[in-house]
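Have a look at entry.csv below; it lists CSV, C-alpha atoms.
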chain,number,residue,atom,x,y,z
V,1,MET,CA,3.6,-64.0,-45.4
V,2,SER,CA,4.6,-61.6,-42.7
V,3,ASP,CA,2.3,-60.4,-40.0
V,4,ALA,CA,4.2,-57.0,-40.0
V,5,LYS,CA,1.9,-54.0,-40.2
V,6,ASP,CA,2.3,-50.9,-42.3
V,7,ALA,CA,2.1,-47.3,-41.0
V,8,ARG,CA,-1.7,-47.5,-41.0
V,9,GLY,CA,-1.7,-50.7,-39.1
V,10,TYR,CA,-2.6,-53.1,-42.0
V,11,THR,CA,-0.8,-56.4,-42.7
V,12,GLN,CA,0.2,-57.3,-46.2
V,13,ALA,CA,-2.6,-59.8,-46.5
V,14,GLU,CA,-5.1,-57.1,-45.5
V,15,LEU,CA,-3.6,-54.7,-48.1
V,16,ASP,CA,-3.8,-57.4,-50.7
V,17,ASN,CA,-7.5,-58.0,-49.9
V,18,MET,CA,-8.2,-54.3,-50.1
V,19,ALA,CA,-6.5,-54.2,-53.5
V,20,VAL,CA,-8.8,-57.0,-54.7
V,21,MET,CA,-11.8,-55.0,-53.6
V,22,ARG,CA,-10.6,-51.9,-55.5
V,23,ARG,CA,-10.2,-54.0,-58.7
V,24,TYR,CA,-13.6,-55.6,-58.1
V,25,TYR,CA,-15.3,-52.2,-58.1
V,26,SER,CA,-13.1,-50.3,-60.6
V,27,GLU,CA,-12.6,-53.0,-63.2
V,28,ALA,CA,-15.6,-55.3,-62.9
V,29,TRP,CA,-18.4,-52.9,-61.9
V,30,ASN,CA,-17.3,-49.6,-63.3
V,31,GLY,CA,-15.3,-51.0,-66.2
V,32,HIS,CA,-18.0,-53.5,-67.1
V,33,ARG,CA,-15.4,-56.3,-67.3
V,34,GLU,CA,-17.5,-59.3,-66.3
V,35,GLU,CA,-14.6,-61.6,-67.2
V,36,ILE,CA,-12.6,-60.2,-64.3
V,37,PHE,CA,-14.9,-61.8,-61.7
V,38,LYS,CA,-13.3,-65.2,-62.2
V,39,SER,CA,-10.0,-64.0,-60.9
V,40,LEU,CA,-11.4,-62.0,-58.0
V,41,VAL,CA,-14.4,-64.0,-56.8
V,42,SER,CA,-14.6,-67.6,-55.6
V,43,PRO,CA,-16.7,-69.8,-57.9
V,44,ASP,CA,-18.8,-70.8,-54.9
V,45,ILE,CA,-19.3,-67.3,-53.4
V,46,VAL,CA,-22.1,-66.9,-50.9
V,47,ALA,CA,-23.7,-63.4,-51.4
V,48,HIS,CA,-26.1,-62.2,-48.7
V,49,TYR,CA,-28.6,-59.4,-49.5
V,50,GLU,CA,-31.6,-58.1,-47.6
V,51,HIS,CA,-34.0,-60.1,-49.8
V,52,GLU,CA,-32.0,-63.2,-50.7
V,53,VAL,CA,-28.9,-65.3,-50.4
V,54,LEU,CA,-27.2,-66.3,-53.7
V,55,ILE,CA,-24.8,-69.2,-53.9
V,56,GLY,CA,-22.2,-69.5,-56.8
V,57,ILE,CA,-20.7,-66.9,-59.1
V,58,ASP,CA,-23.2,-67.6,-62.0
V,59,GLU,CA,-26.3,-67.2,-59.8
V,60,TRP,CA,-24.8,-64.0,-58.3
V,61,LYS,CA,-23.9,-62.6,-61.7
V,62,ASN,CA,-27.3,-63.4,-63.2
V,63,SER,CA,-29.3,-62.0,-60.3
V,64,ILE,CA,-27.3,-59.0,-59.1
V,65,TYR,CA,-24.6,-58.0,-61.6
V,66,HIS,CA,-26.6,-58.2,-64.8
V,67,SER,CA,-29.7,-56.6,-63.2
V,68,PHE,CA,-27.8,-53.5,-62.2
V,69,ALA,CA,-25.6,-53.4,-65.3
V,70,GLN,CA,-28.7,-53.4,-67.5
V,71,ALA,CA,-30.8,-51.0,-65.3
V,72,ILE,CA,-28.0,-48.5,-64.8
V,73,PRO,CA,-25.6,-49.0,-67.8
V,74,ASP,CA,-23.7,-45.8,-67.1
V,75,GLY,CA,-23.6,-46.5,-63.3
V,76,LYS,CA,-20.4,-45.7,-61.4
V,77,LEU,CA,-19.6,-47.1,-58.0
V,78,GLN,CA,-17.4,-44.9,-55.8
V,79,VAL,CA,-15.7,-46.3,-52.8
V,80,ASP,CA,-16.3,-43.8,-50.0
V,81,ASP,CA,-14.4,-45.7,-47.3
V,82,MET,CA,-12.6,-49.0,-46.8
V,83,THR,CA,-11.0,-50.9,-43.9
V,84,ALA,CA,-9.7,-54.4,-43.3
V,85,HIS,CA,-9.1,-56.7,-40.4
V,86,GLY,CA,-7.8,-60.2,-41.0
V,87,ASP,CA,-9.7,-61.9,-43.8
V,88,ARG,CA,-12.5,-59.3,-43.8
V,89,VAL,CA,-12.8,-56.0,-45.8
V,90,VAL,CA,-15.6,-53.5,-45.2
V,91,ILE,CA,-16.5,-50.9,-47.9
V,92,ARG,CA,-18.9,-48.0,-47.8
V,93,TRP,CA,-19.9,-47.1,-51.3
V,94,THR,CA,-22.1,-44.8,-53.5
V,95,VAL,CA,-23.6,-45.6,-56.9
V,96,GLN,CA,-24.6,-42.9,-59.4
V,97,GLY,CA,-26.2,-43.3,-62.8
V,98,VAL,CA,-29.2,-42.9,-65.0
V,99,PHE,CA,-32.1,-45.4,-64.4
V,100,ARG,CA,-32.6,-46.7,-68.0
V,101,ASN,CA,-34.2,-50.2,-67.6
V,102,SER,CA,-36.3,-52.0,-65.1
V,103,LEU,CA,-34.7,-52.9,-61.8
V,104,LEU,CA,-36.2,-55.5,-59.5
V,105,GLY,CA,-39.7,-54.8,-60.9
V,106,VAL,CA,-39.5,-50.9,-60.9
V,107,PRO,CA,-39.9,-49.4,-64.3
V,108,PRO,CA,-37.2,-47.0,-65.5
V,109,THR,CA,-37.5,-43.2,-65.1
V,110,GLY,CA,-34.7,-42.1,-67.5
V,111,LYS,CA,-33.4,-39.9,-64.7
V,112,ALA,CA,-30.1,-39.7,-62.8
V,113,PHE,CA,-30.2,-41.0,-59.2
V,114,GLU,CA,-27.9,-42.2,-56.4
V,115,PHE,CA,-27.9,-44.8,-53.7
V,116,SER,CA,-25.4,-46.0,-51.2
V,117,GLY,CA,-24.5,-49.0,-49.1
V,118,ILE,CA,-22.0,-51.1,-47.2
V,119,SER,CA,-20.4,-54.4,-48.2
V,120,TRP,CA,-18.7,-56.7,-45.7
V,121,THR,CA,-16.5,-59.3,-47.5
V,122,ARG,CA,-14.7,-62.4,-46.3
V,123,PHE,CA,-11.7,-63.7,-48.3
V,124,GLU,CA,-10.3,-67.1,-48.9
V,125,ASN,CA,-7.1,-67.7,-50.9
V,126,GLY,CA,-7.0,-64.1,-52.2
V,127,ARG,CA,-10.6,-64.2,-53.5
V,128,ILE,CA,-14.0,-62.9,-52.3
V,129,ALA,CA,-15.6,-66.0,-50.7
V,130,GLU,CA,-18.6,-64.4,-49.0
V,131,ILE,CA,-20.2,-61.0,-49.1
V,132,TRP,CA,-22.9,-59.3,-47.1
V,133,THR,CA,-24.4,-56.2,-48.8
V,134,ASN,CA,-26.9,-53.7,-47.5
V,135,TRP,CA,-27.9,-50.6,-49.2
V,136,ASN,CA,-30.5,-47.9,-48.6
V,137,MET,CA,-33.0,-49.9,-50.7
V,138,SER,CA,-36.2,-48.5,-49.1
V,139,TYR,CA,-35.0,-44.9,-49.9
V,140,LEU,CA,-34.0,-46.0,-53.4
V,141,PHE,CA,-37.4,-47.6,-54.2
V,142,ARG,CA,-39.4,-44.8,-52.6
V,143,ARG,CA,-37.6,-42.3,-54.7
V,144,LEU,CA,-37.8,-44.3,-58.0
V,145,LEU,CA,-41.5,-45.1,-57.5
V,146,LYS,CA,-42.2,-41.4,-56.8
V,147,GLU,CA,-40.5,-40.5,-60.0
V,148,VAL,CA,-42.5,-43.2,-61.9
V,149,GLU,CA,-45.7,-41.8,-60.3
V,150,THR,CA,-44.7,-38.3,-61.4
V,151,LEU,CA,-44.2,-39.5,-64.9
V,152,ARG,CA,-47.6,-41.1,-64.9
V,153,ALA,CA,-49.3,-38.1,-63.3
V,154,CYS,CA,-48.0,-35.4,-65.6
V,155,LEU,CA,-47.6,-36.1,-69.3
V,156,PRO,CA,-46.7,-33.1,-71.5
V,157,ILE,CA,-48.5,-33.6,-74.8
V,158,CYS,CA,-48.8,-31.4,-77.9
V,159,SER,CA,-52.4,-30.2,-78.3
V,160,TYR,CA,-52.0,-30.1,-82.1
V,161,CYS,CA,-50.0,-33.3,-83.1
V,162,LYS,CA,-50.4,-35.3,-79.9
V,163,ASN,CA,-46.7,-36.0,-79.5
V,164,VAL,CA,-45.3,-36.4,-76.0
V,165,ARG,CA,-42.3,-34.5,-74.6
V,166,ASP,CA,-39.8,-36.8,-72.7
V,167,ASP,CA,-37.6,-35.9,-69.8
V,168,ASP,CA,-34.8,-34.9,-72.2
V,169,GLY,CA,-37.0,-32.4,-74.1
V,170,TYR,CA,-37.5,-34.5,-77.2
V,171,TRP,CA,-40.9,-34.9,-78.7
V,172,LYS,CA,-42.0,-38.5,-79.5
V,173,ARG,CA,-45.1,-40.2,-80.7
V,174,VAL,CA,-47.2,-41.2,-77.7
V,175,GLU,CA,-46.8,-44.9,-78.6
V,176,GLU,CA,-43.0,-44.7,-78.4
V,177,TYR,CA,-43.2,-42.8,-75.1
V,178,LEU,CA,-45.6,-45.3,-73.5
V,179,LYS,CA,-43.6,-48.3,-74.7
V,180,LYS,CA,-40.3,-46.8,-73.3
V,181,TYR,CA,-41.6,-45.7,-69.9
V,182,SER,CA,-44.4,-48.0,-69.1
V,183,HIS,CA,-43.6,-51.1,-71.2
V,184,THR,CA,-47.1,-50.9,-72.6
V,185,THR,CA,-47.8,-52.2,-76.1
V,186,VAL,CA,-50.2,-50.0,-78.1
V,187,SER,CA,-52.5,-51.3,-80.7
V,188,HIS,CA,-54.3,-49.1,-83.2
V,189,GLY,CA,-57.8,-49.0,-84.5
V,190,ILE,CA,-60.4,-46.5,-85.8
V,191,CYS,CA,-63.1,-45.3,-83.4
V,192,PRO,CA,-66.7,-44.8,-84.6
V,193,THR,CA,-66.5,-41.0,-84.3

Now that the file is in, can you turn its structure into C-alpha coordinates?
Amino acid sequence: MSDAKDARGYTQAELDNMAVMRRYYSEAWNGHREEIFKSLVSPDIVAHYEHEVLIGIDEWKNSIYHSFAQAIPDGKLQVDDMTAHGDRVVIRWTVQGVFRNSLLGVPPTGKAFEFSGISWTRFENGRIAEIWTNWNMSYLFRRLLKEVETLRACLPICSYCKNVRDDDGYWKRVEEYLKKYSHTTVSHGICPT
(Lines of atoms letter the chains of each structure in order from A and count residues from 1; the text may use other names and numbers.)
(Lines give C-alpha, C1' and ligand atoms only; values in the text may rest on other atoms or scores of the structure.)
Protein backbone atom coordinates (compact mmCIF):
# COMPACT_ATOMS: atom_id res chain seq x y z
CA MET A 1 0.00 0.00 0.00
CA SER A 2 1.32 3.43 -0.86
CA ASP A 3 2.31 6.01 1.71
CA ALA A 4 1.21 8.78 -0.68
CA LYS A 5 -1.11 11.33 0.90
CA ASP A 6 -4.26 12.83 -0.57
CA ALA A 7 -4.96 16.58 -0.76
CA ARG A 8 -6.01 16.65 2.91
CA GLY A 9 -2.84 14.85 3.97
CA TYR A 10 -4.30 11.36 4.60
CA THR A 11 -2.74 8.11 3.39
CA GLN A 12 -4.94 5.48 1.74
CA ALA A 13 -4.76 3.34 4.91
CA GLU A 14 -6.00 6.28 7.00
CA LEU A 15 -8.84 6.93 4.54
CA ASP A 16 -9.78 3.24 4.68
CA ASN A 17 -9.86 3.30 8.49
CA MET A 18 -12.04 6.42 8.44
CA ALA A 19 -14.42 4.67 6.04
CA VAL A 20 -14.68 1.75 8.48
CA MET A 21 -15.63 4.20 11.24
CA ARG A 22 -18.31 5.80 9.07
CA ARG A 23 -19.80 2.34 8.40
CA TYR A 24 -19.48 1.45 12.08
CA TYR A 25 -21.64 4.42 13.08
CA SER A 26 -24.03 4.63 10.12
CA GLU A 27 -24.75 0.94 9.56
CA ALA A 28 -24.14 -0.73 12.92
CA TRP A 29 -25.29 1.96 15.35
CA ASN A 30 -27.78 4.05 13.36
CA GLY A 31 -28.91 1.23 11.09
CA HIS A 32 -29.22 -1.25 13.99
CA ARG A 33 -27.35 -3.87 11.96
CA GLU A 34 -25.62 -5.83 14.68
CA GLU A 35 -24.34 -8.41 12.21
CA ILE A 36 -22.08 -5.80 10.59
CA PHE A 37 -19.84 -5.68 13.67
CA LYS A 38 -18.09 -8.91 12.69
CA SER A 39 -16.68 -7.32 9.56
CA LEU A 40 -15.68 -4.04 11.24
CA VAL A 41 -14.58 -5.02 14.75
CA SER A 42 -11.86 -7.44 15.85
CA PRO A 43 -13.29 -10.44 17.76
CA ASP A 44 -10.89 -9.67 20.64
CA ILE A 45 -11.53 -5.91 20.73
CA VAL A 46 -10.51 -4.07 23.89
CA ALA A 47 -13.02 -1.32 24.69
CA HIS A 48 -12.10 1.27 27.33
CA TYR A 49 -14.79 3.33 29.07
CA GLU A 50 -14.74 5.60 32.10
CA HIS A 51 -16.24 2.89 34.27
CA GLU A 52 -14.88 -0.36 32.78
CA VAL A 53 -12.74 -2.18 30.23
CA LEU A 54 -14.50 -4.76 28.06
CA ILE A 55 -12.60 -7.50 26.22
CA GLY A 56 -14.09 -9.33 23.25
CA ILE A 57 -16.84 -8.44 20.83
CA ASP A 58 -19.54 -10.41 22.67
CA GLU A 59 -18.84 -8.77 26.05
CA TRP A 60 -18.75 -5.35 24.37
CA LYS A 61 -22.02 -5.92 22.47
CA ASN A 62 -23.83 -7.22 25.56
CA SER A 63 -22.63 -4.46 27.86
CA ILE A 64 -22.62 -1.35 25.65
CA TYR A 65 -24.35 -1.88 22.31
CA HIS A 66 -27.43 -3.70 23.62
CA SER A 67 -27.79 -1.35 26.62
CA PHE A 68 -27.88 1.74 24.43
CA ALA A 69 -29.92 0.15 21.62
CA GLN A 70 -32.63 -0.84 24.13
CA ALA A 71 -32.58 2.42 26.11
CA ILE A 72 -32.62 4.67 23.03
CA PRO A 73 -34.17 2.57 20.24
CA ASP A 74 -34.51 5.58 17.93
CA GLY A 75 -31.07 6.96 18.83
CA LYS A 76 -29.01 8.46 16.04
CA LEU A 77 -25.29 9.04 16.28
CA GLN A 78 -23.94 11.94 14.24
CA VAL A 79 -20.23 12.18 13.49
CA ASP A 80 -19.32 15.81 14.20
CA ASP A 81 -15.63 15.54 13.33
CA MET A 82 -13.09 12.86 12.39
CA THR A 83 -9.36 12.70 11.86
CA ALA A 84 -6.79 9.95 11.36
CA HIS A 85 -3.10 9.41 11.88
CA GLY A 86 -1.45 6.08 11.14
CA ASP A 87 -3.52 3.27 12.64
CA ARG A 88 -5.57 5.67 14.82
CA VAL A 89 -8.87 7.41 14.11
CA VAL A 90 -10.44 9.97 16.46
CA ILE A 91 -14.13 10.84 16.23
CA ARG A 92 -16.19 13.50 18.00
CA TRP A 93 -19.86 12.48 17.98
CA THR A 94 -23.33 13.41 19.25
CA VAL A 95 -26.24 11.06 20.03
CA GLN A 96 -29.88 12.16 20.00
CA GLY A 97 -32.93 10.08 20.83
CA VAL A 98 -35.81 9.40 23.20
CA PHE A 99 -34.92 7.72 26.50
CA ARG A 100 -37.40 4.80 26.47
CA ASN A 101 -35.86 2.08 28.69
CA SER A 102 -33.49 1.97 31.67
CA LEU A 103 -29.87 2.85 30.99
CA LEU A 104 -27.12 1.91 33.45
CA GLY A 105 -29.63 1.93 36.32
CA VAL A 106 -31.39 5.19 35.41
CA PRO A 107 -35.14 4.75 34.80
CA PRO A 108 -36.52 6.03 31.46
CA THR A 109 -38.11 9.46 31.10
CA GLY A 110 -39.77 9.04 27.71
CA LYS A 111 -38.21 12.37 26.68
CA ALA A 112 -35.79 13.36 23.93
CA PHE A 113 -32.24 14.06 25.01
CA GLU A 114 -28.75 14.42 23.63
CA PHE A 115 -25.21 13.63 24.72
CA SER A 116 -21.81 13.77 23.06
CA GLY A 117 -18.40 12.17 23.29
CA ILE A 118 -15.09 11.29 21.71
CA SER A 119 -13.87 7.88 20.57
CA TRP A 120 -10.20 7.14 19.89
CA THR A 121 -9.77 3.92 17.90
CA ARG A 122 -6.79 1.79 16.96
CA PHE A 123 -6.92 -0.45 13.90
CA GLU A 124 -5.33 -3.80 13.09
CA ASN A 125 -5.82 -5.52 9.73
CA GLY A 126 -8.58 -3.11 8.70
CA ARG A 127 -10.69 -3.66 11.84
CA ILE A 128 -11.24 -1.80 15.09
CA ALA A 129 -8.91 -3.51 17.57
CA GLU A 130 -9.10 -1.10 20.49
CA ILE A 131 -11.34 1.83 21.36
CA TRP A 132 -11.26 4.46 24.10
CA THR A 133 -14.60 6.22 24.54
CA ASN A 134 -15.38 9.17 26.77
CA TRP A 135 -18.69 10.96 26.81
CA ASN A 136 -20.20 13.69 28.95
CA MET A 137 -21.65 11.03 31.25
CA SER A 138 -21.95 13.26 34.34
CA TYR A 139 -24.03 15.79 32.38
CA LEU A 140 -26.11 12.99 30.86
CA PHE A 141 -26.93 11.39 34.20
CA ARG A 142 -27.54 14.69 36.00
CA ARG A 143 -30.01 15.65 33.28
CA LEU A 144 -31.74 12.26 33.17
CA LEU A 145 -32.01 12.02 36.95
CA LYS A 146 -33.40 15.57 37.09
CA GLU A 147 -36.10 14.58 34.58
CA VAL A 148 -36.89 11.43 36.59
CA GLU A 149 -37.18 13.53 39.77
CA THR A 150 -39.47 15.96 37.94
CA LEU A 151 -41.68 13.07 36.89
CA ARG A 152 -41.82 11.89 40.50
CA ALA A 153 -42.43 15.39 41.87
CA CYS A 154 -45.35 16.38 39.64
CA LEU A 155 -47.92 13.82 38.55
CA PRO A 156 -50.92 15.19 36.61
CA ILE A 157 -53.90 13.13 37.78
CA CYS A 158 -57.60 13.48 36.97
CA SER A 159 -59.55 14.45 40.09
CA TYR A 160 -62.58 12.50 38.84
CA CYS A 161 -61.37 9.19 37.34
CA LYS A 162 -57.81 9.19 38.81
CA ASN A 163 -56.13 8.58 35.42
CA VAL A 164 -52.65 10.02 34.94
CA ARG A 165 -51.52 12.17 31.99
CA ASP A 166 -48.18 11.07 30.49
CA ASP A 167 -45.60 13.31 28.80
CA ASP A 168 -47.23 12.73 25.40
CA GLY A 169 -50.60 14.00 26.67
CA TYR A 170 -52.33 10.60 26.87
CA TRP A 171 -54.38 9.62 29.90
CA LYS A 172 -53.59 6.23 31.40
CA ARG A 173 -54.57 4.29 34.45
CA VAL A 174 -52.24 5.13 37.31
CA GLU A 175 -51.09 1.50 37.45
CA GLU A 176 -49.92 1.60 33.80
CA TYR A 177 -48.12 4.89 34.36
CA LEU A 178 -46.31 3.69 37.47
CA LYS A 179 -45.26 0.46 35.80
CA LYS A 180 -43.88 2.28 32.74
CA TYR A 181 -42.03 5.10 34.47
CA SER A 182 -40.99 3.66 37.81
CA HIS A 183 -41.00 -0.09 37.13
CA THR A 184 -43.29 -0.50 40.13
CA THR A 185 -45.73 -3.38 40.23
CA VAL A 186 -49.12 -2.41 41.67
CA SER A 187 -51.34 -4.81 43.58
CA HIS A 188 -54.99 -4.13 44.35
CA GLY A 189 -57.09 -4.61 47.43
CA ILE A 190 -60.06 -2.99 49.14
CA CYS A 191 -59.44 -0.60 52.01
CA PRO A 192 -61.72 -0.65 55.10
CA THR A 193 -63.27 2.75 54.26

Point to revise | Interatomic distance, CA of Lys162 in chain V to CA of His188 in chain V (Å, one decimal) | key: 14.7 Å

Exercise for review: Could you please determine the separation between CA of Ile190 in chain V and CA of Glu175 in chain V in Å, to one decimal place?
Suggested key: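 Taking CA of Ile190 in chain V and CA of Glu175 in chain V, their separation equals 15.5 Å.
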
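Compared by their closest atoms to Gly86 in chain V, and using only C-alpha atoms, the residues V:Phe99, V:Tyr177, V:Trp171, V:Tyr10 rank with V:Tyr10 nearest.
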
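Between CA of Glu52 in chain V and CA of Trp135 in chain V the separation is 13.3 Å.
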
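Nearest-residue note for Asn62 in chain V: choosing from V:Glu124, V:Glu130, V:Glu34, V:Glu176, the minimum distance belongs to V:Glu34, counting only C-alpha atoms.
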
**Study point:** Of the listed residues V:Ile36, V:Ala28, V:Asp87, V:Val79, that which approaches Thr11 in chain V most closely, counting all atoms listed in the file
**Key:**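 Going through V:Ile36, V:Ala28, V:Asp87, V:Val79 one by one, the smallest distance to Thr11 in chain V is for V:Asp87.
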
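Proximity to Arg173 in chain V at 9 Å, evaluated using all atoms listed in the file and with sequence-adjacent residues fewer than 5 positions away removed, yields Cys161, Lys162, Asn163, Val164, Arg165 and Leu178 of chain V.
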
Could the residues in this selection be saved with C-alpha atoms as a PDB file, keeping the file's coordinate frame?
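Output contents, as saved in part.pdb:
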ATOM      1  CA  CYS V 161     -50.000 -33.300 -83.100  1.00  0.00           C
ATOM      2  CA  LYS V 162     -50.400 -35.300 -79.900  1.00  0.00           C
ATOM      3  CA  ASN V 163     -46.700 -36.000 -79.500  1.00  0.00           C
ATOM      4  CA  VAL V 164     -45.300 -36.400 -76.000  1.00  0.00           C
ATOM      5  CA  ARG V 165     -42.300 -34.500 -74.600  1.00  0.00           C
ATOM      6  CA  LEU V 178     -45.600 -45.300 -73.500  1.00  0.00           C
TER       7      LEU V 178
END

Check your understanding: Which is closer to Val53 in chain V than all the others in V:Met82, V:Met18, V:Arg33, V:Ile131, using only C-alpha atoms?
Key ->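 The answer is V:Ile131, which sits nearest to Val53 in chain V.
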
Practice item. Find, counting all atoms listed in the file, the residue in V:Val46, V:Cys191, V:Ala84, V:Ala69 that gets nearest to Arg8 in chain V. Key: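 Comparing V:Val46, V:Cys191, V:Ala84, V:Ala69 against Arg8 in chain V, the winner is V:Ala84.
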
Practice item. Compare V:His85, V:Gly56, V:Ala47, V:Ser102 by their minimum atom-to-atom distance to Asn134 in chain V, counting all atoms listed in the file, and give me the closest one. Key: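 Using all atoms listed in the file, the shortest distance to Asn134 in chain V belongs to V:Ala47.
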
**Study point:** Near-Pro43 in chain V list (9 Å; all atoms listed in the file; drop same-chain fewer than 3 positions) as a list in words
**Key:** Lys38, Gly56, Ile57, Asp58 and Ala129 of chain V

Those residues you just picked out, can you put them in a file as a PDB file, in the coordinates of the input with C-alpha atoms?
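Generated file (part.pdb):
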ATOM      1  CA  LYS V  38     -13.300 -65.200 -62.200  1.00  0.00           C
ATOM      2  CA  GLY V  56     -22.200 -69.500 -56.800  1.00  0.00           C
ATOM      3  CA  ILE V  57     -20.700 -66.900 -59.100  1.00  0.00           C
ATOM      4  CA  ASP V  58     -23.200 -67.600 -62.000  1.00  0.00           C
ATOM      5  CA  ALA V 129     -15.600 -66.000 -50.700  1.00  0.00           C
TER       6      ALA V 129
END
